[in-house]
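Participant: Sending over my_file-v2.tsv (TSV, C-alpha atoms).
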```tsv
chain	number	residue	atom	x	y	z
A	114	MET	CA	-16.77	13.63	-10.65
A	115	LYS	CA	-16.10	16.26	-7.98
A	116	ILE	CA	-13.46	15.44	-5.37
A	117	ALA	CA	-12.03	17.47	-2.48
A	118	LEU	CA	-8.82	16.78	-0.54
A	119	ILE	CA	-8.60	16.81	3.25
A	120	GLY	CA	-5.02	17.19	4.45
A	121	TYR	CA	-2.21	19.09	2.74
A	122	GLY	CA	0.75	17.98	4.85
A	123	TYR	CA	3.44	15.43	3.98
A	124	TRP	CA	1.60	13.43	1.31
A	125	GLY	CA	-1.25	15.81	0.52
A	126	PRO	CA	0.60	17.87	-2.13
A	127	ASN	CA	1.40	14.70	-4.13
A	128	LEU	CA	-2.18	13.53	-3.93
A	129	ALA	CA	-3.52	16.99	-4.84
A	130	LYS	CA	-1.38	17.08	-7.97
A	131	ASN	CA	-2.62	13.68	-9.11
A	132	LEU	CA	-6.24	14.57	-8.42
A	133	TYR	CA	-5.86	17.84	-10.31
A	134	ILE	CA	-4.39	16.29	-13.48
A	135	ASN	CA	-6.70	13.27	-13.64
A	136	LYS	CA	-9.09	13.58	-16.58
A	137	ASN	CA	-11.87	11.79	-14.67
A	138	ILE	CA	-11.88	14.29	-11.82
A	139	GLU	CA	-13.00	17.83	-11.18
A	140	PHE	CA	-10.73	18.75	-8.28
A	141	VAL	CA	-12.73	21.31	-6.32
A	142	GLY	CA	-11.09	22.04	-2.98
A	143	ILE	CA	-8.49	21.55	-0.26
A	144	CYS	CA	-8.98	21.48	3.51
A	145	ASP	CA	-6.23	21.84	6.09
A	146	GLN	CA	-6.24	23.35	9.57
A	147	ASN	CA	-2.85	24.94	8.93
A	148	LEU	CA	-3.26	28.30	7.18
A	149	THR	CA	0.37	28.28	6.05
A	150	LYS	CA	-0.21	25.02	4.20
A	151	LEU	CA	-3.37	26.37	2.62
A	152	LYS	CA	-1.41	29.42	1.47
A	153	LYS	CA	1.13	27.13	-0.21
A	154	ALA	CA	-1.69	25.20	-1.86
A	155	LYS	CA	-3.20	28.43	-3.16
A	156	GLU	CA	0.14	29.36	-4.72
A	157	VAL	CA	-0.17	26.17	-6.80
A	158	TYR	CA	-3.89	26.05	-7.63
A	159	GLY	CA	-4.89	29.70	-7.38
A	160	GLU	CA	-8.59	30.50	-7.59
A	161	ASN	CA	-9.40	27.29	-9.48
A	162	ILE	CA	-10.49	25.58	-6.25
A	163	PHE	CA	-11.75	26.53	-2.78
A	164	TYR	CA	-9.80	26.38	0.50
A	165	THR	CA	-11.09	25.77	4.01
A	166	THR	CA	-9.87	24.92	7.51
A	167	ASP	CA	-13.10	23.06	8.40
A	168	TYR	CA	-13.56	19.69	6.69
A	169	LYS	CA	-17.24	19.63	7.66
A	170	GLU	CA	-17.87	22.32	5.05
A	171	ILE	CA	-16.97	19.67	2.48
A	172	MET	CA	-19.34	17.18	4.09
A	173	LYS	CA	-22.23	19.64	3.82
A	174	ASP	CA	-21.63	20.24	0.10
A	175	ASN	CA	-23.89	17.77	-1.72
A	176	SER	CA	-22.25	18.54	-5.06
A	177	ILE	CA	-19.00	16.86	-3.93
A	178	ASP	CA	-19.00	13.16	-4.83
A	179	ALA	CA	-15.89	11.98	-3.01
A	180	VAL	CA	-13.13	12.97	-0.61
A	181	ALA	CA	-9.46	12.07	-0.52
A	182	ILE	CA	-8.11	11.89	3.03
A	183	ALA	CA	-4.40	12.46	3.68
A	184	VAL	CA	-4.18	13.22	7.40
A	185	PRO	CA	-2.36	11.38	10.22
A	186	THR	CA	-3.88	7.97	10.93
A	187	GLU	CA	-5.09	9.02	14.39
A	188	TYR	CA	-7.46	11.53	12.75
A	189	SER	CA	-8.41	9.78	9.51
A	190	TYR	CA	-11.03	7.41	10.97
A	191	ALA	CA	-13.41	10.13	12.20
A	192	ILE	CA	-13.11	12.07	8.95
A	193	ALA	CA	-13.69	8.96	6.82
A	194	MET	CA	-16.72	7.97	8.88
A	195	ASP	CA	-18.18	11.48	8.55
A	196	ALA	CA	-17.62	11.33	4.79
A	197	LEU	CA	-19.42	8.00	4.47
A	198	GLU	CA	-22.29	9.30	6.60
A	199	ALA	CA	-22.47	12.25	4.19
A	200	CYS	CA	-22.77	9.76	1.28
A	201	LYS	CA	-19.35	10.51	-0.19
A	202	HIS	CA	-16.94	7.96	-1.62
A	203	VAL	CA	-13.64	7.75	0.27
A	204	PHE	CA	-10.04	7.60	-0.93
A	205	ILE	CA	-7.95	7.16	2.23
A	206	GLU	CA	-4.21	6.99	2.74
A	207	LYS	CA	-2.79	3.86	4.31
A	208	PRO	CA	-3.38	2.29	6.72
A	209	ILE	CA	-7.15	2.28	6.40
A	210	ALA	CA	-7.37	2.66	10.20
A	211	SER	CA	-5.26	2.27	13.32
A	212	THR	CA	-7.10	-0.90	14.44
A	213	MET	CA	-8.97	-3.82	12.91
A	214	TYR	CA	-12.11	-2.74	14.77
A	215	ARG	CA	-12.07	0.71	13.18
A	216	ALA	CA	-11.24	-0.72	9.76
A	217	GLN	CA	-14.23	-3.07	9.97
A	218	LYS	CA	-16.51	-0.20	11.04
A	219	LEU	CA	-15.47	1.83	7.98
A	220	VAL	CA	-16.00	-1.14	5.67
A	221	ASP	CA	-19.41	-1.89	7.17
A	222	LYS	CA	-20.49	1.73	6.81
A	223	ALA	CA	-19.29	1.89	3.18
A	224	ARG	CA	-21.25	-1.25	2.32
A	225	GLU	CA	-24.32	-0.02	4.17
A	226	LYS	CA	-24.25	3.22	2.17
A	227	ARG	CA	-23.21	1.43	-1.05
A	228	LEU	CA	-20.16	3.63	-1.36
A	229	ILE	CA	-16.61	2.98	-2.53
A	230	ILE	CA	-13.85	3.01	0.08
A	231	HIS	CA	-10.39	2.81	-1.45
A	232	CYS	CA	-7.25	2.55	0.68
A	233	ASP	CA	-4.22	3.88	-1.17
A	234	HIS	CA	-2.00	0.80	-1.00
A	235	ILE	CA	-0.02	2.50	-3.70
A	236	MET	CA	2.49	-0.26	-4.45
A	237	ILE	CA	-0.10	-2.66	-5.86
A	238	TYR	CA	-0.68	-0.04	-8.56
A	239	HIS	CA	3.02	0.14	-9.43
A	240	PRO	CA	3.70	-1.13	-12.98
A	241	VAL	CA	6.58	-3.34	-11.80
A	242	ILE	CA	4.45	-5.05	-9.14
A	243	ARG	CA	1.72	-5.56	-11.72
A	244	TYR	CA	4.29	-7.08	-14.11
A	245	ILE	CA	5.45	-9.53	-11.42
A	246	LYS	CA	1.82	-10.37	-10.63
A	247	ASN	CA	1.20	-11.22	-14.28
A	248	MET	CA	4.31	-13.44	-14.30
A	249	ILE	CA	3.03	-15.31	-11.25
A	250	ASP	CA	-0.46	-15.72	-12.71
A	251	ARG	CA	0.99	-17.06	-15.97
A	252	GLY	CA	3.14	-19.55	-14.06
A	253	GLU	CA	6.44	-18.06	-15.25
A	254	LEU	CA	7.95	-17.93	-11.76
A	255	GLY	CA	6.64	-21.36	-10.85
A	256	ASN	CA	5.36	-21.97	-7.34
A	257	LEU	CA	6.11	-19.20	-4.86
A	258	LEU	CA	8.85	-20.04	-2.37
A	259	TYR	CA	9.38	-16.77	-0.54
A	260	ILE	CA	9.01	-12.99	-0.74
A	261	ASP	CA	11.60	-10.82	0.98
A	262	ILE	CA	11.05	-7.05	1.23
A	263	THR	CA	13.26	-4.29	2.65
A	264	ARG	CA	11.89	-0.77	3.06
A	265	THR	CA	14.25	1.59	4.90
A	266	ASN	CA	15.33	5.22	5.05
A	267	LEU	CA	16.69	7.80	7.49
A	268	GLY	CA	13.39	9.26	8.70
A	269	PRO	CA	10.90	10.71	8.68
A	270	ILE	CA	10.19	9.50	12.22
A	271	ARG	CA	6.46	9.68	12.87
A	272	LYS	CA	4.72	10.22	16.20
A	273	ASP	CA	1.29	8.78	15.40
A	274	ILE	CA	2.27	5.28	14.22
A	275	ASN	CA	5.35	3.03	14.21
A	276	ALA	CA	7.57	1.94	11.32
A	277	MET	CA	5.51	-1.20	10.74
A	278	LEU	CA	2.22	0.66	10.35
A	279	ASP	CA	3.95	3.29	8.22
A	280	LEU	CA	6.13	1.13	5.97
A	281	ALA	CA	5.30	-2.58	6.25
A	282	VAL	CA	1.68	-1.85	5.40
A	283	HIS	CA	2.87	-1.29	1.80
A	284	ASP	CA	4.62	-4.64	1.72
A	285	ILE	CA	1.87	-6.69	3.33
A	286	ALA	CA	-0.46	-5.31	0.67
A	287	VAL	CA	2.04	-6.27	-2.06
A	288	ILE	CA	2.48	-9.80	-0.69
A	289	ASN	CA	-1.28	-10.35	-0.47
A	290	TYR	CA	-1.78	-8.95	-3.98
A	291	LEU	CA	0.93	-11.09	-5.56
A	292	ALA	CA	-0.22	-14.26	-3.81
A	293	GLY	CA	-3.95	-13.76	-4.35
A	294	ASN	CA	-4.97	-12.51	-0.89
A	295	PRO	CA	-4.23	-15.69	1.10
A	296	ASP	CA	-4.81	-16.05	4.83
A	297	PHE	CA	-1.65	-16.33	6.89
A	298	ARG	CA	-0.98	-19.33	9.15
A	299	GLU	CA	1.33	-17.74	11.68
A	300	LEU	CA	3.61	-14.75	12.10
A	301	SER	CA	6.31	-13.34	14.33
A	302	ALA	CA	7.21	-9.69	14.86
A	303	MET	CA	10.04	-7.84	16.56
A	304	GLY	CA	10.78	-4.15	16.92
A	305	GLU	CA	12.85	-1.58	18.74
A	306	VAL	CA	12.00	1.91	19.97
A	307	CYS	CA	15.17	3.86	19.24
A	308	TYR	CA	13.69	7.35	19.31
A	309	GLY	CA	10.40	8.69	20.63
A	310	LYS	CA	7.62	6.32	21.69
A	311	GLN	CA	7.05	4.29	18.50
A	312	GLU	CA	9.06	1.39	17.08
A	313	THR	CA	11.54	2.89	14.63
A	314	LEU	CA	12.77	-0.51	13.41
A	315	THR	CA	10.62	-3.62	12.89
A	316	PHE	CA	10.95	-7.13	11.47
A	317	LEU	CA	7.95	-9.19	10.41
A	318	ASN	CA	7.95	-12.85	9.33
A	319	ILE	CA	4.77	-14.36	7.93
A	320	LYS	CA	4.05	-18.02	7.18
A	321	TYR	CA	1.43	-18.81	4.54
A	322	ASP	CA	0.28	-22.24	3.37
A	323	TYR	CA	2.82	-22.54	0.58
A	324	PHE	CA	5.41	-19.78	1.02
A	325	ILE	CA	6.96	-17.48	3.59
A	326	ALA	CA	7.47	-13.71	3.65
A	327	ASN	CA	9.92	-11.47	5.45
A	328	ILE	CA	9.59	-7.69	5.85
A	329	LYS	CA	12.17	-5.28	7.27
A	330	SER	CA	11.00	-1.72	7.99
A	331	SER	CA	13.23	1.04	9.33
A	332	TRP	CA	13.34	4.81	9.81
A	333	ILE	CA	16.98	4.67	10.96
A	334	SER	CA	18.92	3.35	7.98
A	335	PRO	CA	21.84	5.31	6.47
A	336	ILE	CA	20.55	4.47	3.01
A	337	LYS	CA	17.17	4.38	1.33
A	338	GLU	CA	16.19	0.87	0.25
A	339	ARG	CA	13.05	-0.27	-1.52
A	340	ARG	CA	13.90	-3.84	-2.50
A	341	THR	CA	11.57	-6.76	-3.16
A	342	VAL	CA	12.73	-10.31	-3.93
A	343	VAL	CA	10.12	-12.75	-5.24
A	344	ALA	CA	11.45	-16.30	-5.55
A	345	GLY	CA	9.68	-19.09	-7.39
A	346	THR	CA	10.58	-22.63	-8.34
A	347	LYS	CA	11.26	-21.59	-11.95
A	348	LYS	CA	12.49	-17.99	-11.83
A	349	MET	CA	13.22	-15.21	-9.38
A	350	ALA	CA	12.56	-11.47	-9.62
A	351	ILE	CA	14.21	-8.52	-7.88
A	352	PHE	CA	12.48	-5.14	-7.85
A	353	ASP	CA	14.66	-2.18	-6.85
A	354	ASP	CA	12.37	0.82	-6.59
A	355	VAL	CA	15.25	3.17	-5.76
A	356	ALA	CA	16.97	2.48	-9.09
A	357	ILE	CA	16.45	5.22	-11.66
A	358	ASP	CA	16.36	2.75	-14.56
A	359	ASN	CA	16.08	-1.03	-14.82
A	360	LYS	CA	13.99	-1.42	-11.69
A	361	LEU	CA	13.15	-5.08	-12.37
A	362	THR	CA	15.59	-7.92	-12.99
A	363	ILE	CA	14.45	-11.47	-13.77
A	364	TYR	CA	16.76	-14.37	-12.96
A	365	ASP	CA	16.20	-17.68	-14.73
A	366	LYS	CA	17.81	-19.48	-11.82
A	367	GLY	CA	16.62	-22.06	-9.37
A	368	ILE	CA	16.94	-25.52	-7.91
A	369	ASP	CA	16.19	-28.66	-9.90
A	370	VAL	CA	15.33	-31.81	-7.97
A	371	LYS	CA	15.72	-35.17	-9.72
A	372	SER	CA	14.91	-38.62	-8.42
A	373	THR	CA	17.60	-41.31	-8.43
A	374	ASP	CA	17.59	-45.08	-8.78
A	375	GLU	CA	17.71	-45.37	-5.00
A	376	TYR	CA	14.24	-45.50	-3.43
A	377	GLY	CA	13.35	-42.24	-1.70
A	378	GLU	CA	16.60	-40.57	-2.73
A	379	TYR	CA	16.95	-37.50	-4.93
A	380	GLU	CA	19.59	-35.17	-6.33
A	381	VAL	CA	19.54	-31.40	-6.05
A	382	HIS	CA	21.18	-29.26	-8.73
A	383	THR	CA	21.42	-25.50	-9.03
A	384	ARG	CA	20.26	-24.12	-12.36
A	385	LEU	CA	21.95	-20.99	-13.74
A	386	GLY	CA	20.05	-19.50	-16.65
A	387	ASP	CA	19.76	-16.09	-18.25
A	388	ILE	CA	19.32	-12.76	-16.53
A	389	TYR	CA	17.13	-10.23	-18.26
A	390	ILE	CA	15.64	-6.80	-17.65
A	391	PRO	CA	12.14	-6.40	-19.12
A	392	HIS	CA	10.87	-3.15	-20.55
A	393	ILE	CA	8.08	-1.81	-18.33
A	394	SER	CA	5.94	1.25	-18.97
A	395	ASN	CA	6.80	4.29	-16.88
A	396	GLU	CA	3.38	4.71	-15.27
A	397	ASP	CA	2.83	6.63	-12.05
A	398	ALA	CA	1.54	4.35	-9.28
A	399	LEU	CA	-0.39	7.10	-7.51
A	400	GLN	CA	-2.07	8.18	-10.74
A	401	ASN	CA	-3.00	4.53	-11.38
A	402	SER	CA	-4.49	4.35	-7.88
A	403	VAL	CA	-6.54	7.53	-8.37
A	404	THR	CA	-7.78	6.35	-11.77
A	405	HIS	CA	-8.79	2.97	-10.34
A	406	PHE	CA	-10.75	4.73	-7.59
A	407	CYS	CA	-12.68	6.71	-10.21
A	408	GLU	CA	-13.35	3.59	-12.28
A	409	CYS	CA	-14.72	1.78	-9.23
A	410	ILE	CA	-17.13	4.63	-8.53
A	411	SER	CA	-18.26	4.76	-12.17
A	412	ASN	CA	-18.68	0.99	-12.45
A	413	HIS	CA	-20.07	0.41	-8.93
A	414	LYS	CA	-17.43	-2.22	-8.10
A	415	GLU	CA	-15.21	-2.73	-5.06
A	416	SER	CA	-11.68	-1.41	-5.26
A	417	LEU	CA	-8.66	-3.69	-5.64
A	418	SER	CA	-7.47	-2.07	-2.41
A	419	GLY	CA	-10.93	-1.85	-0.94
A	420	PRO	CA	-12.67	-3.77	1.87
A	421	GLU	CA	-11.39	-7.33	1.35
A	422	GLN	CA	-7.78	-6.41	0.73
A	423	SER	CA	-7.60	-3.68	3.38
A	424	LEU	CA	-9.08	-5.90	6.09
A	425	LYS	CA	-6.60	-8.68	5.33
A	426	VAL	CA	-3.73	-6.20	5.61
A	427	MET	CA	-5.12	-4.94	8.92
A	428	LYS	CA	-5.50	-8.50	10.23
A	429	VAL	CA	-1.78	-9.09	9.71
A	430	LEU	CA	-0.86	-5.72	11.20
A	431	GLU	CA	-3.03	-6.14	14.28
A	432	GLN	CA	-1.60	-9.58	15.06
A	433	ALA	CA	1.92	-8.24	14.52
A	434	MET	CA	1.27	-5.25	16.79
A	435	LYS	CA	0.06	-7.58	19.55
A	436	GLN	CA	3.34	-9.48	19.34
A	437	LEU	CA	5.36	-6.27	19.38
A	438	HIS	CA	3.64	-5.15	22.55
A	439	ASN	CA	3.40	-8.63	24.12
A	440	ASP	CA	-0.40	-8.50	24.37
```
Take the structure in the file and write it out as structure tokens.

Facilitator:
Amino acid sequence: MKIALIGYGYWGPNLAKNLYINKNIEFVGICDQNLTKLKKAKEVYGENIFYTTDYKEIMKDNSIDAVAIAVPTEYSYAIAMDALEACKHVFIEKPIASTMYRAQKLVDKAREKRLIIHCDHIMIYHPVIRYIKNMIDRGELGNLLYIDITRTNLGPIRKDINAMLDLAVHDIAVINYLAGNPDFRELSAMGEVCYGKQETLTFLNIKYDYFIANIKSSWISPIKERRTVVAGTKKMAIFDDVAIDNKLTIYDKGIDVKSTDEYGEYEVHTRLGDIYIPHISNEDALQNSVTHFCECISNHKESLSGPEQSLKVMKVLEQAMKQLHND
């Protein structure tokens, strides 16, 4: 399967490396308008691939099966649409588009052309998130009570999108994945523009039918945090993605409710059980995402982070953005 990369900026080099080493892929080329970036790419990949400043050269090449798009969100829509029109499968960095309207247009075009569109919601391909998902599906955590996610760092401050579109998009995708892609009932969003023109700090609260979720996203934190708390009626899990080892801790703790002899009365007791750290394979989430994209193309099936999932993420984001801007 021949794939070319469009965009060799902030995330492009990581994506290029994973495309190059994937056994399912023949990585054939890189496009970027910046000649300095192309020169750096050539230092890594030499004459093994081609280099161009015009992405439309890739669109005209009928031997290329798919494109991976890693450009700023404001430019990704037009490139992705051109790729679909050229009958190429699309691997696109998050978010799938800047608006729900554009996201739906991409999805409609992909379905019309019977092509795979895969948004790189990388965290749902993380082995720890998959482990937690399996625990939920097996009933080990009990019923979900809440999911609390913090994703902060000092920069980089982007100009094209705000902290919510940049960071919370990961966490909305994770929440939807863990809970089985539910529709939300209501949400509230707050943010602050501390530098530039985009919100550098945002808070998002989402109410679902049977649990709530809270997401904090910031580009102006003195420390880097990537922390997810998933609380159930039986057990609770904490995922610390910054930790070098022991990223996941399971707490056999919770609240037990017992009825009493008095009608309508009950007693509440805290339960303190064991704490354990499971062994989890050291898989690379981006490599898992790339492999899944290839499998979807080969098997003609929609991606786990394809149309349905991506549109649900965008629905949350669009409603949250309206609240941020008081529309």

Participant: Taking (-1.1, -12.7, -11.8) in the file's coordinates as the center, which residues reach within 12 Å of it, counting all atoms listed in the file, put as a list of chain:residue names?

Facilitator: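 Taken together, the residues in range are A:Ile237, A:Ile242, A:Arg243, A:Tyr244, A:Ile245, A:Lys246, A:Asn247, A:Met248, A:Ile249, A:Asp250, A:Arg251, A:Gly252, A:Glu253, A:Leu254, A:Gly255, A:Leu257, A:Asn289, A:Tyr290, A:Leu291, A:Ala292, A:Gly293, A:Asn294.
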
Participant: Would you list the contacts of Ala302 (chain A) as a PyMOL selection string, taking every protein, DNA or RNA residue within 8 Å and counting all atoms listed in the file, but skipping same-chain residues closer than 2 positions in sequence?

Facilitator: chain A and resi 300+304+315-318+433-434+436-437

Participant: Tell me which residues come within 10 Å of (-20.0, 17.3, 3.4), as a PyMOL selection string, counting only C-alpha atoms in the file's coordinates.

Facilitator: chain A and resi 117+168-180+195-201

Participant: For C-alpha atoms, I'd like the residues from the last selection saved as a CSV table (one decimal), keeping the file's coordinate frame.

Facilitator:
```csv
chain,number,residue,atom,x,y,z
A,117,ALA,CA,-12.0,17.5,-2.5
A,168,TYR,CA,-13.6,19.7,6.7
A,169,LYS,CA,-17.2,19.6,7.7
A,170,GLU,CA,-17.9,22.3,5.0
A,171,ILE,CA,-17.0,19.7,2.5
A,172,MET,CA,-19.3,17.2,4.1
A,173,LYS,CA,-22.2,19.6,3.8
A,174,ASP,CA,-21.6,20.2,0.1
A,175,ASN,CA,-23.9,17.8,-1.7
A,176,SER,CA,-22.2,18.5,-5.1
A,177,ILE,CA,-19.0,16.9,-3.9
A,178,ASP,CA,-19.0,13.2,-4.8
A,179,ALA,CA,-15.9,12.0,-3.0
A,180,VAL,CA,-13.1,13.0,-0.6
A,195,ASP,CA,-18.2,11.5,8.6
A,196,ALA,CA,-17.6,11.3,4.8
A,197,LEU,CA,-19.4,8.0,4.5
A,198,GLU,CA,-22.3,9.3,6.6
A,199,ALA,CA,-22.5,12.2,4.2
A,200,CYS,CA,-22.8,9.8,1.3
A,201,LYS,CA,-19.4,10.5,-0.2
```

Participant: Find the residues around Lys222 (chain A) up to 8 Å (only C-alpha atoms counted), leave out those fewer than 3 positions away in its own chain, and share them as a ChimeraX atom specification.

Facilitator: /A:194,197-198,218-219,225-226

Participant: Per residue of region 210-235 of chain A within 6 Å of region 408-431 of chain A, note the shortest atom pair and the distance in Å to one decimal, counting all atoms listed in the file, and order the rows by chain and increasing residue number, as CSV.

Facilitator:
```
residue,atom,partner,partner_atom,distance
A:Met213,CA,A:Met427,CA,5.7
A:Val220,CA,A:Pro420,CA,5.7
A:Ile230,CA,A:Gly419,CA,5.8
A:His231,CA,A:Gly419,CA,4.7
A:Cys232,CA,A:Ser418,CA,5.6
```

Participant: Give me the residues within 10 Å of Gly309 (chain A) as a list in words, counting only C-alpha atoms and dropping any in the same chain fewer than 5 places off.

Facilitator: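 In the requested form, the answer reads Ile270, Arg271, Lys272 and Asn275 of chain A.
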
Participant: Using only C-alpha atoms, please write the residues we just selected to a file, as a short mmCIF file (atom, residue, chain, number, x, y, z; two decimals), in the coordinates of the input.

Facilitator:
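Result file part25.cif:
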```cif
data_model
loop_
_atom_site.label_atom_id
_atom_site.label_comp_id
_atom_site.auth_asym_id
_atom_site.auth_seq_id
_atom_site.Cartn_x
_atom_site.Cartn_y
_atom_site.Cartn_z
CA ILE A 270 10.19 9.50 12.22
CA ARG A 271 6.46 9.68 12.87
CA LYS A 272 4.72 10.22 16.20
CA ASN A 275 5.35 3.03 14.21
#
```

Participant: What's around region 324-336 of chain A at 9 Å? Count all atoms listed in the file, leave out sequence neighbours fewer than 2 positions away in its own chain, and write the answer as a VMD selection string.

Facilitator: chain A and resid 256 to 271 276 to 277 279 to 281 284 to 285 288 307 312 to 322 338

Participant: Find the distance between CA of Tyr123 (chain A) and CA of Lys150 (chain A) and write it in Å to one decimal.

Facilitator: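 So the answer is 10.3 Å.
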
Participant: Can you patch up region 223-238 of chain A, filling it in to N, CA and C atoms, and show the result as a tab-separated table (two decimals), in the coordinates of the input?

Facilitator:
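The resulting selection30.tsv:
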```
chain	number	residue	atom	x	y	z
A	223	ALA	N	-19.36	1.72	4.63
A	223	ALA	CA	-19.29	1.89	3.18
A	223	ALA	C	-20.26	0.94	2.47
A	224	ARG	N	-20.34	-0.29	2.94
A	224	ARG	CA	-21.25	-1.25	2.32
A	224	ARG	C	-22.71	-0.90	2.62
A	225	GLU	N	-22.96	-0.44	3.82
A	225	GLU	CA	-24.32	-0.02	4.17
A	225	GLU	C	-24.80	1.11	3.27
A	226	LYS	N	-23.90	2.05	2.99
A	226	LYS	CA	-24.25	3.22	2.17
A	226	LYS	C	-24.04	2.97	0.67
A	227	ARG	N	-23.51	1.78	0.34
A	227	ARG	CA	-23.21	1.43	-1.05
A	227	ARG	C	-22.24	2.44	-1.68
A	228	LEU	N	-21.18	2.69	-0.93
A	228	LEU	CA	-20.16	3.63	-1.36
A	228	LEU	C	-18.83	2.92	-1.53
A	229	ILE	N	-17.95	3.52	-2.32
A	229	ILE	CA	-16.61	2.98	-2.53
A	229	ILE	C	-15.68	3.52	-1.45
A	230	ILE	N	-14.96	2.61	-0.79
A	230	ILE	CA	-13.85	3.01	0.08
A	230	ILE	C	-12.59	2.38	-0.50
A	231	HIS	N	-11.61	3.22	-0.75
A	231	HIS	CA	-10.39	2.81	-1.45
A	231	HIS	C	-9.21	3.23	-0.59
A	232	CYS	N	-8.46	2.25	-0.08
A	232	CYS	CA	-7.25	2.55	0.68
A	232	CYS	C	-6.07	2.61	-0.28
A	233	ASP	N	-5.29	3.67	-0.19
A	233	ASP	CA	-4.22	3.88	-1.17
A	233	ASP	C	-3.00	3.02	-0.86
A	234	HIS	N	-3.16	1.70	-1.05
A	234	HIS	CA	-2.00	0.80	-1.00
A	234	HIS	C	-1.28	0.95	-2.34
A	235	ILE	N	-0.51	2.01	-2.42
A	235	ILE	CA	-0.02	2.50	-3.70
A	235	ILE	C	0.82	1.49	-4.46
A	236	MET	N	1.55	0.63	-3.76
A	236	MET	CA	2.49	-0.26	-4.45
A	236	MET	C	1.80	-1.31	-5.31
A	237	ILE	N	0.56	-1.67	-5.01
A	237	ILE	CA	-0.10	-2.66	-5.86
A	237	ILE	C	-0.53	-2.04	-7.19
A	238	TYR	N	-0.38	-0.72	-7.30
A	238	TYR	CA	-0.68	-0.04	-8.56
A	238	TYR	C	0.60	0.33	-9.31
```
